[in-house]
>>> print(open('work21.txt').read())   # compact mmCIF, C-alpha atoms
# COMPACT_ATOMS: atom_id res chain seq x y z
CA MET K 1 93.63 -9.83 74.13
CA ALA K 2 93.01 -6.10 74.43
CA PHE K 3 89.39 -5.09 73.81
CA ASP K 4 87.96 -1.72 72.81
CA PHE K 5 85.46 -1.97 75.66
CA ASP K 6 84.95 -3.99 78.81
CA LEU K 7 81.18 -4.00 78.20
CA PHE K 8 79.24 -3.29 75.02
CA VAL K 9 75.50 -2.88 75.54
CA ILE K 10 73.08 -3.27 72.63
CA GLY K 11 69.93 -1.34 73.46
CA ALA K 12 69.46 1.85 75.47
CA GLY K 13 66.25 0.88 77.22
CA SER K 14 65.78 0.75 80.97
CA GLY K 15 67.85 -2.38 81.57
CA GLY K 16 70.63 -1.52 79.14
CA VAL K 17 71.07 2.01 80.45
CA ARG K 18 71.09 0.83 84.07
CA ALA K 19 73.76 -1.80 83.34
CA ALA K 20 75.89 0.64 81.32
CA ARG K 21 75.73 3.49 83.84
CA PHE K 22 76.66 1.40 86.83
CA ALA K 23 79.29 -0.63 85.02
CA ALA K 24 80.95 2.65 84.03
CA GLY K 25 80.61 3.86 87.61
CA PHE K 26 82.43 0.73 88.74
CA GLY K 27 85.34 1.66 86.48
CA ALA K 28 84.53 -0.32 83.33
CA LYS K 29 84.97 1.07 79.83
CA VAL K 30 81.45 0.90 78.39
CA ALA K 31 79.68 1.57 75.09
CA VAL K 32 75.95 1.58 74.33
CA ALA K 33 74.43 1.30 70.85
CA GLU K 34 70.84 2.35 70.17
CA SER K 35 69.18 2.60 66.77
CA ARG K 36 65.82 4.10 67.77
CA TYR K 37 65.20 6.11 70.92
CA LEU K 38 66.89 6.50 74.27
CA GLY K 39 64.92 5.05 77.16
CA GLY K 40 63.49 2.14 75.21
CA ALA K 41 59.84 1.19 74.86
CA CYS K 42 58.93 2.20 78.42
CA VAL K 43 59.90 5.84 78.02
CA ASN K 44 58.85 6.29 74.40
CA VAL K 45 55.96 3.95 73.55
CA GLY K 46 55.14 2.24 76.83
CA CYS K 47 54.77 2.90 80.53
CA VAL K 48 55.44 6.64 80.59
CA PRO K 49 53.33 7.97 77.68
CA LYS K 50 50.63 5.41 78.52
CA LYS K 51 50.38 6.72 82.08
CA LEU K 52 50.16 10.27 80.77
CA LEU K 53 47.25 9.25 78.54
CA VAL K 54 45.64 7.43 81.48
CA TYR K 55 45.84 10.66 83.50
CA GLY K 56 44.13 12.44 80.61
CA ALA K 57 41.35 9.86 80.48
CA HIS K 58 40.78 10.18 84.24
CA VAL K 59 39.95 13.88 83.90
CA ALA K 60 36.50 12.88 82.61
CA ASP K 61 35.87 11.09 85.93
CA GLU K 62 36.96 14.13 87.92
CA LEU K 63 34.63 16.37 85.94
CA GLU K 64 31.74 13.97 86.50
CA GLN K 65 32.38 13.88 90.25
CA ALA K 66 32.84 17.64 90.61
CA ALA K 67 29.14 18.46 90.86
CA GLY K 68 28.81 16.40 94.03
CA PHE K 69 31.36 18.67 95.68
CA GLY K 70 29.60 21.87 94.69
CA TRP K 71 31.45 22.71 91.50
CA THR K 72 29.51 23.97 88.51
CA LEU K 73 31.57 23.54 85.37
CA GLU K 74 30.98 24.43 81.78
CA GLU K 75 30.87 21.50 79.43
CA GLY K 76 34.44 20.36 78.88
CA HIS K 77 36.08 19.89 75.51
CA PHE K 78 38.92 17.46 74.92
CA ASP K 79 41.60 18.07 72.28
CA TRP K 80 43.66 14.99 71.38
CA SER K 81 46.34 16.95 69.51
CA THR K 82 47.12 19.04 72.60
CA LEU K 83 47.53 15.95 74.78
CA ILE K 84 49.79 14.26 72.23
CA ALA K 85 51.90 17.40 71.70
CA ASN K 86 52.40 17.80 75.45
CA LYS K 87 53.20 14.10 75.76
CA ASN K 88 55.77 14.36 72.98
CA ARG K 89 57.44 17.29 74.69
CA GLU K 90 57.76 15.34 77.93
CA ILE K 91 59.19 12.29 76.15
CA GLU K 92 61.78 14.48 74.41
CA ARG K 93 62.77 15.83 77.83
CA LEU K 94 63.19 12.30 79.16
CA ASN K 95 65.25 11.31 76.08
CA GLY K 96 67.63 14.12 76.98
CA ILE K 97 67.84 12.95 80.57
CA TYR K 98 68.75 9.43 79.46
CA ARG K 99 71.40 10.84 77.15
CA ASN K 100 72.90 12.87 79.99
CA LEU K 101 72.81 9.88 82.34
CA LEU K 102 74.90 7.87 79.92
CA VAL K 103 77.32 10.57 78.77
CA ASN K 104 77.88 11.94 82.27
CA SER K 105 78.66 8.43 83.45
CA GLY K 106 81.48 8.19 80.92
CA VAL K 107 79.64 5.81 78.59
CA THR K 108 80.35 5.99 74.85
CA LEU K 109 76.97 6.40 73.12
CA LEU K 110 76.71 5.10 69.56
CA GLN K 111 73.46 5.95 67.79
CA GLY K 112 73.07 3.29 65.14
CA HIS K 113 72.03 -0.33 64.62
CA ALA K 114 74.36 -2.81 66.30
CA ARG K 115 74.92 -6.26 64.86
CA LEU K 116 76.93 -9.08 66.38
CA THR K 117 79.73 -10.27 64.11
CA GLY K 118 81.33 -12.59 66.64
CA ALA K 119 81.36 -13.60 70.28
CA ASN K 120 83.36 -10.47 71.18
CA GLU K 121 82.67 -8.19 68.23
CA VAL K 122 79.90 -5.77 67.30
CA GLU K 123 79.41 -3.76 64.13
CA VAL K 124 77.63 -0.37 64.20
CA ASP K 125 77.13 1.45 60.91
CA GLY K 126 80.12 -0.29 59.32
CA GLN K 127 82.46 0.31 62.26
CA ARG K 128 83.54 -2.75 64.26
CA TYR K 129 84.19 -2.75 68.01
CA THR K 130 85.49 -5.47 70.30
CA ALA K 131 84.35 -6.08 73.86
CA GLU K 132 85.15 -8.55 76.60
CA HIS K 133 81.45 -8.71 77.47
CA ILE K 134 78.43 -7.96 75.27
CA LEU K 135 75.00 -7.36 76.79
CA ILE K 136 71.87 -7.74 74.66
CA ALA K 137 69.05 -5.54 75.97
CA THR K 138 67.00 -4.95 72.82
CA GLY K 139 63.58 -5.49 74.42
CA GLY K 140 60.38 -6.55 72.73
CA TRP K 141 58.19 -5.49 69.84
CA PRO K 142 54.39 -5.71 69.45
CA GLN K 143 53.10 -8.26 67.00
CA VAL K 144 49.86 -8.59 65.06
CA PRO K 145 48.55 -12.03 64.05
CA ASP K 146 49.07 -12.97 60.43
CA ILE K 147 45.56 -12.32 59.12
CA PRO K 148 44.38 -10.68 55.89
CA GLY K 149 44.47 -6.92 56.38
CA LYS K 150 46.89 -6.99 59.32
CA GLU K 151 48.68 -3.97 57.84
CA LEU K 152 45.53 -1.90 58.47
CA ALA K 153 45.75 -2.42 62.23
CA ILE K 154 47.88 -0.44 64.68
CA THR K 155 49.73 -1.39 67.86
CA SER K 156 50.83 0.57 70.92
CA ASN K 157 53.80 1.85 68.88
CA GLU K 158 51.52 3.80 66.57
CA ALA K 159 48.75 4.65 69.05
CA PHE K 160 50.86 7.29 70.76
CA TYR K 161 51.24 9.20 67.49
CA LEU K 162 47.71 9.12 66.05
CA LYS K 163 46.88 12.51 64.57
CA ASN K 164 43.27 12.31 65.70
CA LEU K 165 41.32 10.42 68.33
CA PRO K 166 39.33 7.72 66.48
CA ARG K 167 35.57 7.93 66.99
CA ARG K 168 35.16 4.15 67.02
CA VAL K 169 37.92 1.79 68.20
CA LEU K 170 38.23 -1.99 68.32
CA VAL K 171 40.86 -3.10 70.84
CA VAL K 172 41.97 -6.71 70.38
CA GLY K 173 43.65 -8.60 73.22
CA GLY K 174 43.24 -9.68 76.81
CA GLY K 175 46.44 -8.57 78.50
CA TYR K 176 47.17 -5.45 80.47
CA ILE K 177 48.04 -3.35 77.40
CA ALA K 178 44.67 -4.12 75.78
CA VAL K 179 42.74 -3.38 78.96
CA GLU K 180 44.65 -0.14 79.59
CA PHE K 181 44.21 1.22 76.07
CA ALA K 182 40.54 0.29 76.00
CA GLY K 183 40.16 2.47 79.09
CA ILE K 184 42.21 5.27 77.56
CA PHE K 185 40.23 5.39 74.31
CA GLN K 186 36.89 5.16 76.07
CA GLY K 187 37.84 7.67 78.77
CA LEU K 188 38.85 10.22 76.14
CA GLY K 189 35.55 9.86 74.33
CA ALA K 190 35.91 7.12 71.72
CA ASP K 191 33.24 4.45 71.28
CA THR K 192 35.34 1.44 72.32
CA THR K 193 34.95 -2.33 72.06
CA LEU K 194 37.39 -4.79 73.62
CA LEU K 195 37.60 -8.15 71.85
CA TYR K 196 39.29 -11.12 73.50
CA ARG K 197 39.43 -14.66 72.20
CA GLY K 198 39.24 -16.21 75.70
CA ASP K 199 36.51 -16.41 78.33
CA LEU K 200 37.87 -13.56 80.49
CA PHE K 201 40.77 -11.12 80.15
CA LEU K 202 43.93 -10.77 82.31
CA ARG K 203 44.80 -14.45 82.44
CA GLY K 204 47.18 -15.10 85.34
CA PHE K 205 45.69 -12.43 87.59
CA ASP K 206 43.59 -13.32 90.62
CA GLY K 207 40.12 -14.53 89.67
CA SER K 208 38.36 -12.06 91.96
CA VAL K 209 40.32 -9.21 90.37
CA ARG K 210 39.45 -10.28 86.84
CA THR K 211 35.75 -10.66 87.59
CA HIS K 212 35.55 -7.41 89.55
CA LEU K 213 37.25 -5.39 86.82
CA LYS K 214 34.93 -6.89 84.20
CA GLU K 215 31.91 -5.75 86.21
CA GLU K 216 33.29 -2.25 86.72
CA LEU K 217 34.22 -1.80 83.05
CA GLU K 218 30.72 -2.86 82.04
CA LYS K 219 29.27 -0.27 84.44
CA ARG K 220 31.31 2.34 82.57
CA GLY K 221 29.78 1.27 79.28
CA LEU K 222 32.82 -0.42 77.76
CA ASP K 223 31.69 -3.03 75.22
CA LEU K 224 33.38 -6.28 76.28
CA GLN K 225 33.20 -9.16 73.82
CA PHE K 226 34.80 -12.40 74.99
CA ASN K 227 35.32 -15.56 72.93
CA ALA K 228 35.60 -13.21 69.95
CA ASP K 229 38.43 -12.93 67.43
CA ILE K 230 39.02 -11.17 64.12
CA GLN K 231 39.43 -13.25 60.96
CA ARG K 232 40.21 -10.44 58.53
CA ILE K 233 40.26 -6.63 58.22
CA ASP K 234 39.13 -4.73 55.13
CA LYS K 235 39.19 -1.02 54.31
CA LEU K 236 35.88 0.48 53.22
CA GLU K 237 35.47 3.19 50.59
CA ASP K 238 34.85 5.83 53.27
CA GLY K 239 38.17 4.98 54.93
CA ARG K 240 36.73 3.09 57.85
CA LEU K 241 37.75 -0.48 58.67
CA LYS K 242 35.53 -3.55 58.61
CA ALA K 243 36.57 -6.36 60.93
CA THR K 244 35.08 -9.74 60.10
CA LEU K 245 35.01 -11.99 63.16
CA LYS K 246 35.51 -15.74 63.13
CA ASP K 247 31.84 -16.18 64.09
CA GLY K 248 30.80 -14.30 60.95
CA ARG K 249 29.86 -10.99 62.56
CA GLU K 250 31.12 -7.74 61.06
CA LEU K 251 32.20 -4.69 63.09
CA VAL K 252 33.05 -1.31 61.57
CA ALA K 253 35.50 1.06 63.24
CA ASP K 254 37.89 3.90 62.51
CA CYS K 255 40.78 2.09 64.21
CA VAL K 256 41.67 -1.51 65.01
CA PHE K 257 44.23 -1.65 67.82
CA TYR K 258 46.06 -4.93 68.47
CA ALA K 259 47.60 -5.80 71.83
CA THR K 260 48.00 -9.54 71.43
CA GLY K 261 51.54 -10.00 72.65
CA ARG K 262 55.10 -8.93 72.06
CA ARG K 263 58.05 -10.75 70.55
CA PRO K 264 61.75 -10.42 71.41
CA MET K 265 63.42 -7.80 69.20
CA LEU K 266 66.13 -9.86 67.48
CA ASP K 267 65.85 -8.46 63.95
CA ASN K 268 69.20 -8.35 62.14
CA LEU K 269 71.02 -8.80 65.45
CA GLY K 270 73.55 -11.28 64.04
CA LEU K 271 72.92 -14.06 66.53
CA GLU K 272 73.82 -16.54 63.80
CA ASN K 273 77.42 -15.32 64.08
CA THR K 274 77.60 -16.41 67.71
CA GLY K 275 76.78 -19.42 69.85
CA VAL K 276 73.70 -17.73 71.32
CA GLU K 277 70.69 -20.05 71.41
CA LEU K 278 66.97 -19.35 71.70
CA ASP K 279 64.51 -21.21 73.89
CA ALA K 280 61.34 -22.93 72.67
CA ARG K 281 59.40 -19.65 72.84
CA GLY K 282 61.92 -17.74 70.74
CA TYR K 283 63.56 -15.78 73.57
CA ILE K 284 67.30 -15.72 74.23
CA ARG K 285 68.28 -18.60 76.51
CA VAL K 286 70.21 -17.48 79.59
CA ASP K 287 71.30 -19.01 82.88
CA GLU K 288 70.71 -17.59 86.36
CA GLN K 289 73.43 -15.00 85.80
CA TYR K 290 72.01 -13.86 82.41
CA GLN K 291 74.81 -15.54 80.50
CA THR K 292 73.82 -16.92 77.12
CA THR K 293 75.15 -20.10 75.56
CA ALA K 294 77.98 -17.92 74.24
CA PRO K 295 79.94 -17.19 77.48
CA SER K 296 80.96 -13.64 76.53
CA ILE K 297 77.40 -12.58 75.66
CA LEU K 298 74.69 -11.79 78.21
CA ALA K 299 71.04 -10.79 77.85
CA ILE K 300 68.45 -9.15 80.11
CA GLY K 301 64.95 -7.68 80.02
CA ASP K 302 62.09 -8.51 77.69
CA VAL K 303 64.42 -10.26 75.25
CA ILE K 304 64.83 -13.18 77.70
CA GLY K 305 61.09 -13.48 78.35
CA ARG K 306 61.07 -13.82 82.13
CA VAL K 307 59.14 -11.09 83.96
CA GLN K 308 58.58 -8.39 81.36
CA LEU K 309 58.40 -5.31 83.57
CA THR K 310 60.61 -2.21 83.52
CA PRO K 311 61.66 -2.43 87.21
CA VAL K 312 62.67 -6.06 86.63
CA ALA K 313 64.88 -5.09 83.69
CA LEU K 314 66.46 -2.40 85.89
CA ALA K 315 67.19 -4.98 88.58
CA GLU K 316 68.66 -7.38 86.03
CA GLY K 317 70.86 -4.64 84.58
CA MET K 318 72.13 -3.78 88.04
CA ALA K 319 72.82 -7.45 88.79
CA VAL K 320 74.89 -7.82 85.60
CA ALA K 321 76.94 -4.68 86.30
CA ARG K 322 77.67 -5.75 89.86
CA ARG K 323 78.55 -9.35 89.02
CA LEU K 324 80.98 -8.33 86.28
CA PHE K 325 82.60 -5.26 87.79
CA LYS K 326 81.72 -5.07 91.50
CA PRO K 327 81.25 -8.69 92.60
CA GLU K 328 81.39 -7.89 96.31
CA GLN K 329 78.08 -6.02 95.86
CA TYR K 330 76.42 -8.67 93.70
CA ARG K 331 72.96 -9.88 94.69
CA PRO K 332 70.76 -12.09 92.50
CA VAL K 333 67.40 -10.73 91.42
CA ASP K 334 64.52 -12.02 93.54
CA TYR K 335 61.59 -12.76 91.25
CA GLN K 336 59.22 -13.54 94.12
CA ASN K 337 56.59 -11.06 95.30
CA ILE K 338 57.08 -8.52 92.50
CA PRO K 339 54.42 -5.79 92.85
CA THR K 340 52.75 -4.66 89.68
CA ALA K 341 49.88 -2.49 88.49
CA VAL K 342 47.50 -2.40 85.57
CA PHE K 343 46.43 1.16 84.81
CA SER K 344 42.94 0.21 83.79
CA GLN K 345 39.97 2.30 84.91
CA PRO K 346 39.68 1.49 87.76
CA PRO K 347 43.32 0.40 88.18
CA ILE K 348 44.65 -2.88 89.56
CA GLY K 349 47.47 -3.33 92.06
CA THR K 350 48.75 -6.77 92.96
CA VAL K 351 51.65 -8.47 94.74
CA GLY K 352 52.31 -12.07 95.69
CA LEU K 353 50.27 -15.17 94.93
CA THR K 354 46.77 -15.20 93.54
CA GLU K 355 44.22 -17.36 95.31
CA GLU K 356 44.48 -19.88 92.48
CA GLN K 357 48.29 -19.99 92.63
CA ALA K 358 48.26 -20.44 96.41
CA LEU K 359 45.88 -23.38 96.18
CA GLU K 360 47.86 -24.93 93.33
CA ALA K 361 51.04 -24.63 95.43
CA GLY K 362 49.39 -26.68 98.17
CA HIS K 363 48.67 -23.95 100.69
CA LYS K 364 45.66 -24.21 102.96
CA VAL K 365 44.23 -20.80 102.19
CA GLN K 366 42.17 -18.22 104.03
CA VAL K 367 40.75 -15.46 101.86
CA PHE K 368 39.77 -12.01 103.10
CA GLU K 369 37.80 -9.86 100.66
CA SER K 370 36.18 -6.47 100.91
CA ARG K 371 34.13 -4.58 98.34
CA PHE K 372 33.05 -1.05 99.09
CA ARG K 373 32.14 2.29 97.53
CA ALA K 374 35.01 4.74 97.96
CA MET K 375 34.39 7.68 100.25
CA LYS K 376 35.05 10.13 97.45
CA LEU K 377 32.06 8.77 95.54
CA THR K 378 29.53 9.06 98.37
CA LEU K 379 28.62 12.61 97.32
CA THR K 380 28.09 11.51 93.71
CA ASP K 381 25.80 9.13 91.85
CA ILE K 382 28.73 6.95 90.75
CA GLN K 383 28.37 3.35 91.95
CA GLU K 384 31.90 2.10 91.32
CA LYS K 385 33.16 -0.40 93.90
CA THR K 386 36.69 -0.97 95.15
CA LEU K 387 37.95 -4.52 95.74
CA MET K 388 40.62 -5.44 98.28
CA LYS K 389 41.75 -8.99 98.89
CA LEU K 390 44.27 -10.82 101.06
CA VAL K 391 45.34 -14.42 100.47
CA VAL K 392 46.68 -15.94 103.69
CA ASP K 393 48.31 -19.27 104.55
CA ALA K 394 46.00 -20.71 107.21
CA GLN K 395 48.77 -22.74 108.83
CA THR K 396 51.55 -20.13 109.09
CA ASP K 397 49.36 -16.96 109.03
CA LYS K 398 51.73 -15.57 106.39
CA VAL K 399 50.17 -13.19 103.87
CA LEU K 400 50.75 -14.77 100.46
CA GLY K 401 49.09 -12.19 98.23
CA CYS K 402 47.51 -8.73 98.22
CA HIS K 403 45.20 -7.63 95.43
CA MET K 404 43.26 -4.44 94.79
CA VAL K 405 41.02 -2.91 92.14
CA GLY K 406 40.28 0.74 92.76
CA PRO K 407 41.70 4.28 92.82
CA ASP K 408 45.43 4.54 93.62
CA ALA K 409 45.81 0.74 93.65
CA GLY K 410 49.38 0.90 92.31
CA GLU K 411 50.43 3.43 94.94
CA ILE K 412 48.96 1.36 97.78
CA ILE K 413 50.34 -1.98 96.60
CA GLN K 414 53.91 -0.64 96.47
CA GLY K 415 53.95 -0.35 100.27
CA LEU K 416 52.36 -3.76 100.73
CA GLY K 417 55.07 -5.20 98.49
CA ILE K 418 57.57 -4.35 101.23
CA ALA K 419 55.41 -6.11 103.80
CA LEU K 420 55.23 -9.29 101.74
CA LYS K 421 58.97 -9.14 101.02
CA ALA K 422 59.52 -9.01 104.78
CA GLY K 423 57.27 -12.05 105.32
CA ALA K 424 54.45 -10.23 107.14
CA THR K 425 51.68 -12.25 108.77
CA LYS K 426 47.97 -11.52 108.88
CA GLN K 427 48.32 -10.81 112.61
CA GLN K 428 50.89 -8.12 111.83
CA PHE K 429 48.49 -6.62 109.29
CA ASP K 430 45.74 -6.68 111.95
CA GLU K 431 47.99 -5.05 114.54
CA THR K 432 48.99 -2.23 112.18
CA ILE K 433 47.03 0.95 112.85
CA GLY K 434 45.28 2.25 109.78
CA VAL K 435 45.43 5.73 108.30
CA HIS K 436 41.89 7.11 108.57
CA PRO K 437 39.93 7.86 106.50
CA THR K 438 41.62 6.15 103.56
CA ALA K 439 40.86 3.19 101.35
CA ALA K 440 44.26 1.72 102.21
CA GLU K 441 43.27 1.15 105.86
CA GLU K 442 40.91 -1.58 104.68
CA PHE K 443 43.94 -3.84 104.22
CA VAL K 444 44.58 -3.71 108.00
CA THR K 445 40.96 -3.89 109.15
CA MET K 446 39.70 -6.99 107.32
CA ARG K 447 38.94 -9.49 110.10
CA THR K 448 36.36 -11.91 108.70
CA VAL K 449 37.42 -14.82 106.51
CA THR K 450 35.44 -14.72 103.28
CA ARG K 451 36.19 -18.34 102.44
>>> encode(input="work21.txt", output="C-alpha cells")
Amino acid sequence: MAFDFDLFVIGAGSGGVRAARFAAGFGAKVAVAESRYLGGACVNVGCVPKKLLVYGAHVADELEQAAGFGWTLEEGHFDWSTLIANKNREIERLNGIYRNLLVNSGVTLLQGHARLTGANEVEVDGQRYTAEHILIATGGWPQVPDIPGKELAITSNEAFYLKNLPRRVLVVGGGYIAVEFAGIFQGLGADTTLLYRGDLFLRGFDGSVRTHLKEELEKRGLDLQFNADIQRIDKLEDGRLKATLKDGRELVADCVFYATGRRPMLDNLGLENTGVELDARGYIRVDEQYQTTAPSILAIGDVIGRVQLTPVALAEGMAVARRLFKPEQYRPVDYQNIPTAVFSQPPIGTVGLTEEQALEAGHKVQVFESRFRAMKLTLTDIQEKTLMKLVVDAQTDKVLGCHMVGPDAGEIIQGLGIALKAGATKQQFDETIGVHPTAAEEFVTMRTVTR
C-alpha cells in the first residue's frame, strides 16, 4: 500500500520535533501536526520560561550580596509585566526556530488538531492522511484535584501569563514544579506558602538533599506547611481566594497555584479507533522500542510516563528515527544515571542513585557529605549552606550517586553525569585535580566517610 507519509508525528514538542527532523534527514517523508504551540510544554510553558523567571528571582539575591563587594545600589524595583513581556518575546523567537528546524528539514507542518482514525490514518481539520508509521508525542497536561472551587486555581500553564504578580500565593504540591514556582514567586516579592500533603517534599530525591533544601528554604522565609492539603477554594467579595484546608484552617491568598502532577495529553486523540492500549496509570503502553499495542503506532515522551524530562524525550525521538529509517545507527536509550536539576533556590543537581536507592538495591554503601558556606557569601551576612554528597559502593569503590544543593548545581552535575556514565570510582574522583577556588572542587576533595 502506498502511504502519504512514511512517518506522521502528532505533537511538535521536543521529542516529536527531534524524531521528525532526523527521520526526514534520513530520507523519510514526514509530517508533523500540532494544535497549540511549536516546541511543546518545555519551550512554551515549562523549562525555558521557568528558567527565565528563576533568573529574574535570583536578581534579588545578587542585589542583597552586592553591598559586601562594595556596591551601593538604590533600592530596586521589580516590574512583573516587563519580565513577562520579555519572556514572551523570547518564546516567540524560539517558536520561529522550531518552525524553521522542521520546514528546513523537509517536514510537512500541519497546524491543527490531529486525531487517529485508524492504525495508519490521521485526520487533521477534516483532511485525512495515511502513514506507514504514526508517532504519538502529545506530552502531558497539568491537573488539579477535583475539589470544590478547582476552577479558581491556576497551574503552570496560566502562571506564565499572569497580568500581575500576586501579593499572596499558595503553592500546592511537593514535586519539582511546586518547589521551583514557590521560589520564583517568593524571590520576585510575593508572600508565598508551599503546601504539601506529605511529610517532606521531593519524594524520590536523596534524603539529605530534601532535608537540606527544606532548611535553606526556611532560612529564606518561605512558609512551608507539610501534611497540609486544601479541601475547597472559595472566592471572597474582594476578589481574593479563601482556601479551606482539610484540618479546618483557612488561608486567604490572591492566587492558588497547583502543581500536583500531570496527566498524559490524550484528549480527542482517537485511540479508540486503534488497538493502542493504556497501562494501569493511564499512560500509553509501549515496548522497549516505543511500539504500542498497535504495531504501526509508536509513542514517546511524557505520554508514556517513563522519565518525564525533555532530554529523555529528545533521546527517545532520536531512537525512533534511527530504528525506523537508519537502523545501522540505532542505539537504545539508556535510562540509567540520567542527570537532572531542580531550579529551586538554592538549586539541586543530582545524578545516579540516592543513598536510599543504593541501600535498597543491596549495595554496601559509603557516604561522603560536605556542607559549607560558599566563598561568594563570605563577604556578606548570608548564611546559606551548600550540600555536596557522594554515594559510593564500598566493595567496588564505584561512585553510585552524586548530589548537590547550591549555586550552579545543574551546571556542575552535568559534568559528573559523564563520570558516572563512564563508571568512575571514588579513587578516580580523589585523583582528579580540582579547579581552585570553586565549589565544584569539593567533589574531588571529600576524603572522610560520613557514614
>>> axis_aligned_box(input="work21.txt", around="stretch 350-353 of chain K", padding_each_side="5 Å", output="lines of an AutoDock Vina configuration file")
center_x = 50.5
center_y = -11.0
center_z = 94.3
size_x = 13.6
size_y = 18.4
size_z = 12.7
>>> residues_around(input="work21.txt", residues="K:Cys255", least_positions_apart="5", cutoff="8 Å", atoms="only C-alpha atoms", output="list in words")
Ala153, Ile154, Pro166, Arg168, Val169, Leu170, Arg240 and Leu241 of chain K
>>> residues_around(input="work21.txt", residues="K:Ala313", least_positions_apart="5", cutoff="9 Å", atoms="only C-alpha atoms", output="list in words")
Gly13, Ser14, Gly15, Gly16, Arg18, Ala137, Ile300, Gly301, Asp302, Val307, Gln308 and Met318 of chain K
>>> atom_distance(input="work21.txt", atom1="atom CA of K:Phe443", atom2="atom CA of K:Gly187")
28.6 Å
>>> closest_residue(input="work21.txt", among="K:Thr293, K:Arg197, K:Asn273, K:Ile418", to="K:Asp247", atoms="only C-alpha atoms")
K:Arg197
>>> residues_near_point(input="work21.txt", point="(77.3, 5.0, 68.0)", cutoff="12 Å", atoms="all atoms listed in the file", output="PyMOL selection string")
chain K and resi 8-12+30-36+107-115+122-129
>>> atom_distance(input="work21.txt", atom1="atom CA of K:Thr425", atom2="atom CA of K:Pro407")
25.0 Å
>>> residues_around(input="work21.txt", residues="stretch 226-231 of chain K", least_positions_apart="6", cutoff="7 Å", atoms="only C-alpha atoms", output="ChimeraX atom specification")
/K:147,195-200,243-246
>>> residues_around(input="work21.txt", residues="K:Ala294", least_positions_apart="2", cutoff="12 Å", atoms="only C-alpha atoms", output="list of chain:residue names")
K:Leu116, K:Gly118, K:Ala119, K:Asn120, K:His133, K:Ile134, K:Leu135, K:Ile136, K:Leu271, K:Glu272, K:Asn273, K:Thr274, K:Gly275, K:Val276, K:Glu277, K:Leu278, K:Ile284, K:Arg285, K:Val286, K:Asp287, K:Tyr290, K:Gln291, K:Thr292, K:Ser296, K:Ile297, K:Leu298, K:Ala299
>>> atom_distance(input="work21.txt", atom1="atom CA of K:Asn157", atom2="atom CA of K:Ala85")
15.9 Å
>>> residues_near_point(input="work21.txt", point="(46.7, -4.8, 96.3)", cutoff="6 Å", atoms="all atoms listed in the file", output="NGL selection string")
:K and (349-350 or 402-404 or 413)
>>> closest_residue(input="work21.txt", among="K:Gly415, K:Leu102, K:Leu165, K:Trp80", to="K:Ala23", atoms="only C-alpha atoms")
K:Leu102
>>> closest_residue(input="work21.txt", among="K:Arg232, K:Arg371, K:His212, K:Arg322", to="K:Met446", atoms="all atoms listed in the file")
K:Arg371
>>> residues_around(input="work21.txt", residues="stretch 437-442 of chain K", least_positions_apart="3", cutoff="7 Å", atoms="only C-alpha atoms", output="PyMOL selection string")
chain K and resi 374+412+434+445-446
>>> closest_residue(input="work21.txt", among="K:Gly70, K:Gly173, K:Gly317, K:Gly39", to="K:Ala20", atoms="all atoms listed in the file")
K:Gly317
